[in-house]
$ cat input09.pdb   # PDB, C-alpha atoms, pLDDT in the B column
ATOM      1  CA  MET H   1     -96.389  -7.819  27.717  1.00 52.00           C
ATOM      2  CA  ALA H   2     -97.247 -11.234  28.978  1.00 57.00           C
ATOM      3  CA  LEU H   3     -94.797 -13.869  30.057  1.00 57.00           C
ATOM      4  CA  GLY H   4     -95.586 -17.499  30.267  1.00 58.00           C
ATOM      5  CA  LYS H   5     -94.247 -20.966  29.941  1.00 61.00           C
ATOM      6  CA  LEU H   6     -94.458 -22.965  26.776  1.00 60.00           C
ATOM      7  CA  PRO H   7     -96.465 -26.133  27.026  1.00 62.00           C
ATOM      8  CA  ASP H   8     -94.414 -29.160  27.942  1.00 60.00           C
ATOM      9  CA  THR H   9     -92.827 -30.796  24.943  1.00 58.00           C
ATOM     10  CA  GLY H  10     -92.075 -34.006  26.717  1.00 56.00           C
ATOM     11  CA  ASP H  11     -88.361 -33.390  27.182  1.00 55.00           C
ATOM     12  CA  ALA H  12     -87.918 -33.736  30.892  1.00 54.00           C
ATOM     13  CA  GLY H  13     -84.146 -33.588  30.832  1.00 52.00           C
ATOM     14  CA  VAL H  14     -83.825 -30.379  28.859  1.00 52.00           C
ATOM     15  CA  ASP H  15     -82.519 -27.328  30.669  1.00 54.00           C
ATOM     16  CA  GLU H  16     -85.413 -25.116  31.755  1.00 52.00           C
ATOM     17  CA  GLY H  17     -83.820 -21.825  30.593  1.00 54.00           C
ATOM     18  CA  ALA H  18     -84.886 -19.118  28.196  1.00 52.00           C
ATOM     19  CA  GLU H  19     -86.197 -21.589  25.647  1.00 63.00           C
ATOM     20  CA  ASN H  20     -89.285 -22.317  27.688  1.00 66.00           C
ATOM     21  CA  ILE H  21     -90.340 -18.668  28.241  1.00 72.00           C
ATOM     22  CA  PHE H  22     -92.161 -16.734  25.511  1.00 70.00           C
ATOM     23  CA  ALA H  23     -93.186 -13.098  25.367  1.00 76.00           C
ATOM     24  CA  GLU H  24     -96.471 -11.912  23.908  1.00 79.00           C
ATOM     25  CA  ILE H  25     -97.439  -8.313  23.162  1.00 79.00           C
ATOM     26  CA  ASN H  26    -101.098  -7.443  23.239  1.00 84.00           C
ATOM     27  CA  ILE H  27    -101.474  -4.972  20.339  1.00 89.00           C
ATOM     28  CA  THR H  28    -105.109  -4.032  20.942  1.00 90.00           C
ATOM     29  CA  PRO H  29    -104.344  -1.130  23.353  1.00 90.00           C
ATOM     30  CA  LEU H  30    -101.486  -0.034  21.098  1.00 90.00           C
ATOM     31  CA  THR H  31    -103.830   0.053  18.102  1.00 93.00           C
ATOM     32  CA  ASP H  32    -106.402   2.006  20.110  1.00 94.00           C
ATOM     33  CA  VAL H  33    -103.814   4.620  21.075  1.00 94.00           C
ATOM     34  CA  PHE H  34    -102.647   4.967  17.466  1.00 95.00           C
ATOM     35  CA  LEU H  35    -106.213   5.416  16.208  1.00 96.00           C
ATOM     36  CA  VAL H  36    -106.943   8.074  18.832  1.00 96.00           C
ATOM     37  CA  MET H  37    -103.739   9.897  17.899  1.00 97.00           C
ATOM     38  CA  LEU H  38    -104.675   9.689  14.219  1.00 97.00           C
ATOM     39  CA  ILE H  39    -108.068  11.250  14.921  1.00 97.00           C
ATOM     40  CA  ILE H  40    -106.496  14.020  17.015  1.00 97.00           C
ATOM     41  CA  PHE H  41    -103.989  14.838  14.268  1.00 96.00           C
ATOM     42  CA  MET H  42    -106.704  14.845  11.599  1.00 96.00           C
ATOM     43  CA  VAL H  43    -108.908  17.225  13.579  1.00 96.00           C
ATOM     44  CA  SER H  44    -105.947  19.473  14.400  1.00 96.00           C
ATOM     45  CA  ALA H  45    -104.846  19.577  10.766  1.00 96.00           C
ATOM     46  CA  LEU H  46    -108.369  20.438   9.680  1.00 95.00           C
ATOM     47  CA  ALA H  47    -108.552  23.313  12.187  1.00 94.00           C
ATOM     48  CA  ILE H  48    -105.187  24.684  11.072  1.00 94.00           C
ATOM     49  CA  VAL H  49    -106.099  24.473   7.389  1.00 94.00           C
ATOM     50  CA  GLU H  50    -109.433  26.207   8.041  1.00 93.00           C
ATOM     51  CA  LYS H  51    -107.697  29.036   9.924  1.00 92.00           C
ATOM     52  CA  GLU H  52    -105.176  29.515   7.105  1.00 92.00           C
ATOM     53  CA  HIS H  53    -107.982  29.441   4.556  1.00 91.00           C
ATOM     54  CA  ARG H  54    -109.882  32.117   6.491  1.00 89.00           C
ATOM     55  CA  ASN H  55    -106.770  34.322   6.732  1.00 87.00           C
ATOM     56  CA  HIS H  56    -106.082  33.882   3.021  1.00 89.00           C
ATOM     57  CA  ARG H  57    -109.692  34.771   2.188  1.00 88.00           C
ATOM     58  CA  GLN H  58    -109.488  37.962   4.294  1.00 83.00           C
ATOM     59  CA  LYS H  59    -106.286  39.000   2.543  1.00 82.00           C
ATOM     60  CA  ASP H  60    -107.880  38.331  -0.848  1.00 84.00           C
ATOM     61  CA  GLU H  61    -110.918  40.424   0.072  1.00 80.00           C
ATOM     62  CA  GLN H  62    -108.699  43.266   1.254  1.00 74.00           C
ATOM     63  CA  ALA H  63    -106.609  43.077  -1.936  1.00 75.00           C
ATOM     64  CA  GLU H  64    -109.788  43.049  -4.031  1.00 78.00           C
ATOM     65  CA  GLN H  65    -111.063  46.125  -2.219  1.00 71.00           C
ATOM     66  CA  GLU H  66    -107.740  47.892  -2.762  1.00 69.00           C
ATOM     67  CA  LYS H  67    -107.923  47.072  -6.468  1.00 71.00           C
ATOM     68  CA  LYS H  68    -111.452  48.445  -6.678  1.00 71.00           C
ATOM     69  CA  LEU H  69    -110.586  51.657  -4.892  1.00 65.00           C
ATOM     70  CA  GLY H  70    -107.148  52.048  -6.407  1.00 64.00           C
ATOM     71  CA  ILE H  71    -105.696  53.198  -3.074  1.00 66.00           C
ATOM     72  CA  LYS H  72    -103.799  51.396  -0.368  1.00 66.00           C
ATOM     73  CA  VAL H  73    -104.843  51.980   3.219  1.00 65.00           C
ATOM     74  CA  ASN H  74    -102.904  50.420   6.072  1.00 66.00           C
ATOM     75  CA  LEU H  75    -105.658  50.019   8.675  1.00 67.00           C
ATOM     76  CA  PRO H  76    -104.758  49.776  12.350  1.00 66.00           C
ATOM     77  CA  SER H  77    -105.328  46.402  13.951  1.00 68.00           C
ATOM     78  CA  GLY H  78    -107.909  45.886  16.634  1.00 66.00           C
ATOM     79  CA  ALA H  79    -110.635  43.582  17.812  1.00 65.00           C
ATOM     80  CA  ALA H  80    -114.117  45.024  17.673  1.00 62.00           C
ATOM     81  CA  ALA H  81    -117.709  44.082  17.057  1.00 66.00           C
ATOM     82  CA  GLU H  82    -119.016  43.710  13.544  1.00 66.00           C
ATOM     83  CA  ILE H  83    -121.265  46.462  12.211  1.00 67.00           C
ATOM     84  CA  ASP H  84    -124.763  45.779  10.958  1.00 66.00           C
ATOM     85  CA  THR H  85    -124.399  45.283   7.206  1.00 67.00           C
ATOM     86  CA  SER H  86    -128.157  45.366   6.631  1.00 68.00           C
ATOM     87  CA  LYS H  87    -128.262  49.098   7.401  1.00 74.00           C
ATOM     88  CA  ALA H  88    -127.143  51.814   5.016  1.00 78.00           C
ATOM     89  CA  SER H  89    -123.468  52.663   5.374  1.00 81.00           C
ATOM     90  CA  LEU H  90    -121.340  55.537   4.215  1.00 84.00           C
ATOM     91  CA  VAL H  91    -117.748  54.298   3.985  1.00 85.00           C
ATOM     92  CA  LEU H  92    -115.027  56.944   4.099  1.00 85.00           C
ATOM     93  CA  VAL H  93    -111.504  55.813   3.229  1.00 86.00           C
ATOM     94  CA  VAL H  94    -108.696  58.116   4.314  1.00 86.00           C
ATOM     95  CA  PRO H  95    -105.277  57.162   2.869  1.00 84.00           C
ATOM     96  CA  ILE H  96    -101.983  58.385   4.290  1.00 81.00           C
ATOM     97  CA  ASN H  97    -102.126  61.679   2.374  1.00 81.00           C
ATOM     98  CA  GLY H  98    -105.339  62.678   4.228  1.00 78.00           C
ATOM     99  CA  ASP H  99    -107.699  62.842   1.236  1.00 82.00           C
ATOM    100  CA  VAL H 100    -111.166  61.386   1.661  1.00 86.00           C
ATOM    101  CA  VAL H 101    -112.305  58.708  -0.784  1.00 85.00           C
ATOM    102  CA  VAL H 102    -115.967  57.698  -0.982  1.00 85.00           C
ATOM    103  CA  GLY H 103    -116.990  54.950  -3.390  1.00 80.00           C
ATOM    104  CA  GLY H 104    -113.645  55.119  -5.186  1.00 79.00           C
ATOM    105  CA  LYS H 105    -113.877  58.876  -5.818  1.00 83.00           C
ATOM    106  CA  THR H 106    -111.773  61.468  -4.034  1.00 85.00           C
ATOM    107  CA  MET H 107    -114.013  64.037  -2.363  1.00 84.00           C
ATOM    108  CA  VAL H 108    -113.191  67.696  -1.903  1.00 83.00           C
ATOM    109  CA  ASP H 109    -113.244  68.652   1.762  1.00 82.00           C
ATOM    110  CA  SER H 110    -116.029  71.201   1.250  1.00 83.00           C
ATOM    111  CA  ASP H 111    -118.310  68.581  -0.368  1.00 86.00           C
ATOM    112  CA  LEU H 112    -118.169  66.265   2.649  1.00 85.00           C
ATOM    113  CA  ASP H 113    -120.705  68.278   4.666  1.00 86.00           C
ATOM    114  CA  ASN H 114    -123.175  68.077   1.750  1.00 87.00           C
ATOM    115  CA  LEU H 115    -122.497  64.336   1.470  1.00 87.00           C
ATOM    116  CA  PHE H 116    -123.182  63.837   5.191  1.00 86.00           C
ATOM    117  CA  ARG H 117    -126.420  65.856   5.012  1.00 88.00           C
ATOM    118  CA  ALA H 118    -127.607  63.947   1.922  1.00 89.00           C
ATOM    119  CA  ALA H 119    -126.890  60.619   3.613  1.00 86.00           C
ATOM    120  CA  PHE H 120    -128.798  61.734   6.704  1.00 86.00           C
ATOM    121  CA  GLN H 121    -131.807  62.868   4.625  1.00 89.00           C
ATOM    122  CA  LYS H 122    -131.815  59.570   2.724  1.00 89.00           C
ATOM    123  CA  ASP H 123    -131.701  57.420   5.876  1.00 85.00           C
ATOM    124  CA  LYS H 124    -131.433  58.776   9.405  1.00 83.00           C
ATOM    125  CA  ALA H 125    -129.881  55.474  10.621  1.00 81.00           C
ATOM    126  CA  THR H 126    -126.964  55.630   8.162  1.00 84.00           C
ATOM    127  CA  GLN H 127    -123.734  54.305   9.636  1.00 85.00           C
ATOM    128  CA  VAL H 128    -120.520  56.153   8.907  1.00 86.00           C
ATOM    129  CA  VAL H 129    -117.557  53.782   8.647  1.00 85.00           C
ATOM    130  CA  LEU H 130    -114.223  55.574   8.765  1.00 86.00           C
ATOM    131  CA  LYS H 131    -111.306  53.556   7.368  1.00 85.00           C
ATOM    132  CA  ALA H 132    -108.271  55.703   8.036  1.00 84.00           C
ATOM    133  CA  ASP H 133    -104.656  54.693   7.482  1.00 82.00           C
ATOM    134  CA  LYS H 134    -102.513  54.278  10.600  1.00 81.00           C
ATOM    135  CA  GLY H 135    -100.408  57.257   9.582  1.00 83.00           C
ATOM    136  CA  VAL H 136    -103.279  59.728   9.191  1.00 83.00           C
ATOM    137  CA  GLN H 137    -103.258  62.434  11.829  1.00 82.00           C
ATOM    138  CA  HIS H 138    -105.672  61.862  14.670  1.00 81.00           C
ATOM    139  CA  GLY H 139    -107.075  65.363  14.294  1.00 85.00           C
ATOM    140  CA  ARG H 140    -108.137  64.624  10.710  1.00 84.00           C
ATOM    141  CA  VAL H 141    -110.105  61.558  11.794  1.00 84.00           C
ATOM    142  CA  VAL H 142    -111.751  63.404  14.698  1.00 86.00           C
ATOM    143  CA  ASN H 143    -112.646  66.292  12.349  1.00 87.00           C
ATOM    144  CA  LEU H 144    -114.451  63.906   9.991  1.00 87.00           C
ATOM    145  CA  MET H 145    -116.307  62.287  12.875  1.00 87.00           C
ATOM    146  CA  GLU H 146    -117.409  65.657  14.285  1.00 88.00           C
ATOM    147  CA  ARG H 147    -118.629  66.834  10.886  1.00 88.00           C
ATOM    148  CA  ALA H 148    -120.675  63.628  10.452  1.00 86.00           C
ATOM    149  CA  LYS H 149    -122.197  64.089  13.911  1.00 88.00           C
ATOM    150  CA  ALA H 150    -123.004  67.730  13.124  1.00 88.00           C
ATOM    151  CA  ALA H 151    -124.966  66.564  10.058  1.00 87.00           C
ATOM    152  CA  GLY H 152    -126.999  64.205  12.276  1.00 88.00           C
ATOM    153  CA  LEU H 153    -125.146  60.943  11.601  1.00 84.00           C
ATOM    154  CA  THR H 154    -124.553  59.539  15.059  1.00 83.00           C
ATOM    155  CA  LYS H 155    -123.688  55.930  14.232  1.00 84.00           C
ATOM    156  CA  LEU H 156    -119.942  56.076  13.703  1.00 83.00           C
ATOM    157  CA  ALA H 157    -117.514  53.176  13.310  1.00 81.00           C
ATOM    158  CA  ILE H 158    -113.788  53.015  12.794  1.00 79.00           C
ATOM    159  CA  GLY H 159    -112.597  50.341  10.381  1.00 77.00           C
ATOM    160  CA  THR H 160    -109.748  48.108  11.554  1.00 73.00           C
ATOM    161  CA  ALA H 161    -107.769  45.299   9.988  1.00 71.00           C
ATOM    162  CA  GLY H 162    -108.892  42.883  12.710  1.00 64.00           C
ATOM    163  CA  GLY H 163    -106.504  41.167  14.968  1.00 51.00           C
TER     164      GLY H 163
END
$ encode --input "input09.pdb" --output "structure tokens"
Amino acid sequence: MALGKLPDTGDAGVDEGAENIFAEINITPLTDVFLVMLIIFMVSALAIVEKEHRNHRQKDEQAEQEKKLGIKVNLPSGAAAEIDTSKASLVLVVPINGDVVVGGKTMVDSDLDNLFRAAFQKDKATQVVLKADKGVQHGRVVNLMERAKAAGLTKLAIGTAGG
């Protein structure tokens, strides 16, 4: 804020009080600050919207997969590296009841060894992705992993919900 005296008006006998002082606000810095704040809020809003959009997309994909399979699996959360999607994968879904679902079909426990061997013969680099519900017993998951390794499938991954 700038203070200054008004130019003389020619009245020499007039009291030199508040009438002769004027205040001036320079709005250029104020405008600059407002524009910077506007840009910051726009970028922040864009980042928040993008994050929400990504979360919504992940939930939609998970719901779509549940619809396709017809089973609901509550995956444990965890942060891990992505698997290579260009390689052949054998995805095993284990719901809370402990059954094994492959490609939307429930597999009998005795057929799993044949499935593992067939996958190994088809492609020796086949990845086994195990998507087990949080409530499935640990021993069941380890049993499936050991049986896959016994058939020669050594690339094992555990599916998580991310987080």
$ resolve_selection --input "input09.pdb" --expression "the PyMOL selection byres ((chain H and resi 137-148) around 10)" --output "ChimeraX atom specification"
/H:92,94,96-100,109,112-113,115-117,119-120,127-136,149-158
$ closest_residue --input "input09.pdb" --among "H:Val102, H:Leu90, H:Pro95, H:Glu50" --to "Asp123 (chain H)" --atoms "all atoms listed in the file"
H:Leu90
$ atom_distance --input "input09.pdb" --atom1 "CA of Ala125 (chain H)" --atom2 "CA of Gly159 (chain H)"
18.0 Å
$ closest_residue --input "input09.pdb" --among "H:Thr126, H:Ser44, H:Gln121, H:Thr160" --to "Ser89 (chain H)" --atoms "only C-alpha atoms"
H:Thr126
$ atom_distance --input "input09.pdb" --atom1 "CA of Val108 (chain H)" --atom2 "CA of Val91 (chain H)"
15.3 Å
$ decode --input "input09.pdb" --residues "region 107-135 of chain H" --atoms "N, CA, C and O atoms" --output "JSON list (two decimals), in the first residue's frame"
[["chain", "number", "residue", "atom", "x", "y", "z"],
["H", 107, "MET", "N", -12.42, -77.10, -10.46],
["H", 107, "MET", "CA", -11.59, -78.28, -10.77],
["H", 107, "MET", "C", -11.61, -79.25, -9.57],
["H", 107, "MET", "O", -11.54, -78.82, -8.42],
["H", 108, "VAL", "N", -11.66, -80.51, -9.89],
["H", 108, "VAL", "CA", -11.53, -81.55, -8.87],
["H", 108, "VAL", "C", -10.07, -81.59, -8.46],
["H", 108, "VAL", "O", -9.17, -81.41, -9.29],
["H", 109, "ASP", "N", -9.82, -81.83, -7.19],
["H", 109, "ASP", "CA", -8.46, -81.79, -6.66],
["H", 109, "ASP", "C", -7.52, -82.76, -7.40],
["H", 109, "ASP", "O", -6.36, -82.45, -7.63],
["H", 110, "SER", "N", -8.04, -83.91, -7.79],
["H", 110, "SER", "CA", -7.18, -84.89, -8.46],
["H", 110, "SER", "C", -6.81, -84.47, -9.89],
["H", 110, "SER", "O", -5.79, -84.91, -10.42],
["H", 111, "ASP", "N", -7.61, -83.59, -10.51],
["H", 111, "ASP", "CA", -7.31, -83.14, -11.87],
["H", 111, "ASP", "C", -6.28, -82.02, -11.91],
["H", 111, "ASP", "O", -5.77, -81.69, -12.99],
["H", 112, "LEU", "N", -5.96, -81.44, -10.77],
["H", 112, "LEU", "CA", -5.02, -80.32, -10.75],
["H", 112, "LEU", "C", -3.61, -80.73, -11.17],
["H", 112, "LEU", "O", -2.93, -80.00, -11.89],
["H", 113, "ASP", "N", -3.16, -81.92, -10.74],
["H", 113, "ASP", "CA", -1.83, -82.38, -11.13],
["H", 113, "ASP", "C", -1.74, -82.55, -12.65],
["H", 113, "ASP", "O", -0.73, -82.17, -13.26],
["H", 114, "ASN", "N", -2.80, -83.09, -13.26],
["H", 114, "ASN", "CA", -2.82, -83.23, -14.73],
["H", 114, "ASN", "C", -2.82, -81.86, -15.39],
["H", 114, "ASN", "O", -2.17, -81.66, -16.43],
["H", 115, "LEU", "N", -3.54, -80.91, -14.82],
["H", 115, "LEU", "CA", -3.59, -79.55, -15.36],
["H", 115, "LEU", "C", -2.21, -78.90, -15.29],
["H", 115, "LEU", "O", -1.76, -78.29, -16.26],
["H", 116, "PHE", "N", -1.51, -79.07, -14.17],
["H", 116, "PHE", "CA", -0.17, -78.51, -14.02],
["H", 116, "PHE", "C", 0.80, -79.13, -15.03],
["H", 116, "PHE", "O", 1.59, -78.44, -15.66],
["H", 117, "ARG", "N", 0.72, -80.45, -15.19],
["H", 117, "ARG", "CA", 1.62, -81.13, -16.15],
["H", 117, "ARG", "C", 1.33, -80.67, -17.58],
["H", 117, "ARG", "O", 2.26, -80.44, -18.36],
["H", 118, "ALA", "N", 0.05, -80.55, -17.93],
["H", 118, "ALA", "CA", -0.31, -80.11, -19.28],
["H", 118, "ALA", "C", 0.17, -78.69, -19.55],
["H", 118, "ALA", "O", 0.66, -78.38, -20.64],
["H", 119, "ALA", "N", 0.05, -77.83, -18.54],
["H", 119, "ALA", "CA", 0.53, -76.45, -18.70],
["H", 119, "ALA", "C", 2.04, -76.42, -18.87],
["H", 119, "ALA", "O", 2.57, -75.64, -19.66],
["H", 120, "PHE", "N", 2.74, -77.28, -18.14],
["H", 120, "PHE", "CA", 4.20, -77.32, -18.24],
["H", 120, "PHE", "C", 4.62, -77.85, -19.62],
["H", 120, "PHE", "O", 5.58, -77.35, -20.21],
["H", 121, "GLN", "N", 3.92, -78.86, -20.14],
["H", 121, "GLN", "CA", 4.26, -79.41, -21.45],
["H", 121, "GLN", "C", 3.98, -78.40, -22.56],
["H", 121, "GLN", "O", 4.71, -78.32, -23.53],
["H", 122, "LYS", "N", 2.93, -77.61, -22.38],
["H", 122, "LYS", "CA", 2.57, -76.60, -23.39],
["H", 122, "LYS", "C", 3.61, -75.49, -23.43],
["H", 122, "LYS", "O", 4.03, -75.06, -24.50],
["H", 123, "ASP", "N", 4.01, -74.99, -22.26],
["H", 123, "ASP", "CA", 5.00, -73.92, -22.17],
["H", 123, "ASP", "C", 5.72, -74.04, -20.84],
["H", 123, "ASP", "O", 5.11, -73.91, -19.78],
["H", 124, "LYS", "N", 7.02, -74.28, -20.90],
["H", 124, "LYS", "CA", 7.79, -74.50, -19.68],
["H", 124, "LYS", "C", 7.91, -73.23, -18.83],
["H", 124, "LYS", "O", 8.21, -73.31, -17.65],
["H", 125, "ALA", "N", 7.66, -72.05, -19.42],
["H", 125, "ALA", "CA", 7.77, -70.79, -18.69],
["H", 125, "ALA", "C", 6.40, -70.31, -18.19],
["H", 125, "ALA", "O", 6.23, -69.14, -17.87],
["H", 126, "THR", "N", 5.43, -71.19, -18.11],
["H", 126, "THR", "CA", 4.09, -70.81, -17.65],
["H", 126, "THR", "C", 4.15, -70.31, -16.22],
["H", 126, "THR", "O", 4.77, -70.92, -15.37],
["H", 127, "GLN", "N", 3.48, -69.19, -15.99],
["H", 127, "GLN", "CA", 3.39, -68.61, -14.65],
["H", 127, "GLN", "C", 2.12, -69.13, -13.98],
["H", 127, "GLN", "O", 1.08, -69.17, -14.60],
["H", 128, "VAL", "N", 2.21, -69.49, -12.74],
["H", 128, "VAL", "CA", 1.04, -69.89, -11.98],
["H", 128, "VAL", "C", 0.69, -68.73, -11.05],
["H", 128, "VAL", "O", 1.49, -68.33, -10.21],
["H", 129, "VAL", "N", -0.51, -68.16, -11.24],
["H", 129, "VAL", "CA", -0.97, -67.06, -10.41],
["H", 129, "VAL", "C", -2.05, -67.61, -9.49],
["H", 129, "VAL", "O", -3.07, -68.11, -9.95],
["H", 130, "LEU", "N", -1.80, -67.53, -8.21],
["H", 130, "LEU", "CA", -2.71, -68.09, -7.21],
["H", 130, "LEU", "C", -3.46, -66.95, -6.53],
["H", 130, "LEU", "O", -2.87, -66.14, -5.81],
["H", 131, "LYS", "N", -4.76, -66.87, -6.80],
["H", 131, "LYS", "CA", -5.60, -65.83, -6.19],
["H", 131, "LYS", "C", -6.48, -66.50, -5.14],
["H", 131, "LYS", "O", -7.55, -67.00, -5.45],
["H", 132, "ALA", "N", -6.00, -66.50, -3.92],
["H", 132, "ALA", "CA", -6.70, -67.16, -2.83],
["H", 132, "ALA", "C", -7.35, -66.13, -1.92],
["H", 132, "ALA", "O", -6.76, -65.08, -1.65],
["H", 133, "ASP", "N", -8.55, -66.43, -1.47],
["H", 133, "ASP", "CA", -9.26, -65.57, -0.53],
["H", 133, "ASP", "C", -8.47, -65.46, 0.77],
["H", 133, "ASP", "O", -7.70, -66.36, 1.12],
["H", 134, "LYS", "N", -8.66, -64.35, 1.48],
["H", 134, "LYS", "CA", -7.95, -64.15, 2.75],
["H", 134, "LYS", "C", -8.25, -65.26, 3.75],
["H", 134, "LYS", "O", -7.39, -65.63, 4.53],
["H", 135, "GLY", "N", -9.45, -65.80, 3.70],
["H", 135, "GLY", "CA", -9.87, -66.79, 4.68],
["H", 135, "GLY", "C", -9.46, -68.21, 4.37],
["H", 135, "GLY", "O", -9.70, -69.12, 5.17]]
